[in-house]
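Structure first, then comments.
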Number of protein chains: 2
Amino acid sequence: MSTEAAPLYTYPARDEIHIEAVLHALADPIRLEMVRQLAESDAELACGEFELPVTKSTRTHHLRTLREAGLILGRQQGTTRYNSLRRNDLDALFPGLLQGVLAAPR
Amino acid sequence: MSTEAAPLYTYPARDEIHIEAVLHALADPIRLEMVRQLAESDAELACGEFELPVTKSTRTHHLRTLREAGLILGRQQGTTRYNSLRRNDLDALFPGLLQGVLAAPR
DNA sequence: CCGCAAGTTCGACCGTTGTCGTACTATGGG
DNA sequence: CCCATAGTACGACAACGGTCGAACTTGCGG
């Protein structure tokens, strides 16, 4: 009855991405690891595909933070939501930032 | 009588600087602004010389976080402590990171 | 010697947020 | 249909950390 399907999230446009939010998002170890795994696999990762020591709901929470900060995009397919890094946008806004972060030793 | 003079701080060696701590340090708006002002002036700034809307003790707190994360060095002169950005170390460890952060609009 | 100026330390307060469990909502397969 | 799977929503809890004021230390100048 409700016209609501799976919640179609909104993502900040490139010019709505702020460095403060990006740094805050990257400052958490779990989220940093998520970004690393996304960058490493150079592909989309579903919520459950990350190798992380936290529960589902915590993953959702962190993915939300990353999404709202403008770090990731999501694509819905069935019940699965695939996430990808917004590399283009981030490189355009903060050239070198992602590179520098990912250059750090694990 | 105590042999304690002004507290001579210890600073992490280059290889003791970790990306997690650096990102955590940069994630606070006040500390980010401190780093920006240090980078901008390309010089040393005393605790009281930063243009910031917080009290002395809060400045001290943030400078401590920046110091322990490996972002700044300090030089004592009289009662004044001059702080400078560890640009060389940061660029060597995380090439592009500082550049990317500073490229962001204020 | 006295006092002021620059920072530090300490304790308190309180908002933020990372975490989990539980309940819920889709989607797709037998 | 029914159920399993993938993820979200919500509420509770605890820990972390940013903030301040007040007291303290140090160094310098009259």
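Chain identifiers are assigned as A, B, and so on, following the order in which chains appear in the structure tokens; residues are numbered from 1 within each chain, and ligands are numbered from 1 in order of appearance.
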
Determine, counting only C-alpha atoms (C1' of nucleotides), which protein, DNA and RNA residues have an atom within 9 Å of an atom of segment 7-21 of chain D; residues of the same chain fewer than 3 positions away are not included. Present the result as a PyMOL selection string. (chain A and resi 7+47-48+56-57+60+79-81) or (chain B and resi 54-55+57-58+61) or (chain C and resi 13+16-19+23-26)

Assign secondary structure with DSSP using the backbone only, and return the residues of chain A in strand (DSSP E) as a VMD selection string. chain A and resid 45 to 46 72 to 77 80 to 85

Mind the document's chain letters and residue numbers, and return as a ChimeraX atom specification the residues of segment 23-87 of chain B that DSSP labels alpha helix (DSSP H). /B:23-26,29-41,56-69,87

With only C-alpha atoms as the basis for distance, which of B:Glu16, B:Thr65, B:Gly96, B:Pro105 is at the shortest distance from chain A? B:Gly96

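Counting from atom CA of Asp91 of chain A, the distance to atom CA of Gly100 of chain B is 8.3 Å.
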
For a quick check of understanding, using only C-alpha atoms, which of A:Arg75, A:Arg87, A:His62, A:Arg67 has the smallest distance to Ala27 of chain A?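 The answer is A:His62, which sits nearest to Ala27 of chain A.
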
Residues of chain C no more than 8 Å from chain B, counting only C-alpha atoms (C1' of nucleotides): send them over as a PyMOL selection string. chain C and resi 6-8

Nearest to Pro95 of chain A: which of A:Glu51, A:Ile19, A:Arg36, A:His24 is it, counting only C-alpha atoms? A:Ile19

Per residue of chain B within 12 Å of chain A, note the shortest atom pair and the distance in Å to one decimal, counting only C-alpha atoms, and order the rows by chain and increasing residue number, as CSV.
residue,atom,partner,partner_atom,distance
B:Asp15,CA,A:Pro105,CA,10.4
B:Glu16,CA,A:Pro105,CA,11.4
B:Ile17,CA,A:Ala104,CA,9.8
B:His18,CA,A:Ala104,CA,7.8
B:Ile19,CA,A:Ala104,CA,6.3
B:Glu20,CA,A:Ala27,CA,6.3
B:Ala21,CA,A:Ala27,CA,7.9
B:Val22,CA,A:Ala27,CA,8.3
B:Leu23,CA,A:Ala27,CA,4.9
B:His24,CA,A:Ala27,CA,4.7
B:Ala25,CA,A:Ala27,CA,8.2
B:Leu26,CA,A:Leu23,CA,6.6
B:Ala27,CA,A:His24,CA,4.7
B:Asp28,CA,A:His24,CA,7.4
B:Pro29,CA,A:Glu20,CA,6.7
B:Ile30,CA,A:Glu20,CA,10.4
B:Arg31,CA,A:Glu20,CA,10.7
B:Leu32,CA,A:Glu20,CA,8.2
B:Glu33,CA,A:Glu20,CA,10.3
B:Leu90,CA,A:Gly100,CA,9.2
B:Asp91,CA,A:Gly100,CA,8.3
B:Ala92,CA,A:Gly100,CA,9.5
B:Leu93,CA,A:Ala104,CA,6.6
B:Phe94,CA,A:Gly100,CA,4.1
B:Pro95,CA,A:Gly100,CA,4.7
B:Gly96,CA,A:Gly96,CA,4.0
B:Leu97,CA,A:Leu97,CA,4.0
B:Leu98,CA,A:Leu97,CA,7.0
B:Gln99,CA,A:Gly96,CA,6.4
B:Gly100,CA,A:Phe94,CA,4.1
B:Val101,CA,A:Phe94,CA,6.1
B:Leu102,CA,A:Phe94,CA,8.0
B:Ala103,CA,A:Phe94,CA,5.9
B:Ala104,CA,A:Phe94,CA,6.0
B:Pro105,CA,A:Ile19,CA,8.1
B:Arg106,CA,A:Ile19,CA,8.9

For atom CA of Glu68 of chain B and atom CA of Thr10 of chain B, the interatomic separation in Å (one decimal):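 Interatomic distance, atom CA of Glu68 of chain B to atom CA of Thr10 of chain B: 8.2 Å.
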
Skip DC3 of chain D itself and residues of its chain fewer than 6 positions away, then list as a list in words all residues within 12 Å of it, counting only C-alpha atoms (C1' of nucleotides).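 So the residues in contact are DT27, DG28, DG29 and DG30 of chain C.
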
Selection file, C-alpha atoms (C1' of nucleotides), as a PDB file, in the first residue's frame:
ATOM      1  C1'  DT C  27      13.245  -9.735  -2.211  1.00  0.00           C
ATOM      2  C1'  DG C  28      13.531 -14.091  -4.200  1.00  0.00           C
ATOM      3  C1'  DG C  29      13.319 -19.386  -4.148  1.00  0.00           C
ATOM      4  C1'  DG C  30      11.054 -23.777  -3.329  1.00  0.00           C
TER       5       DG C  30
END
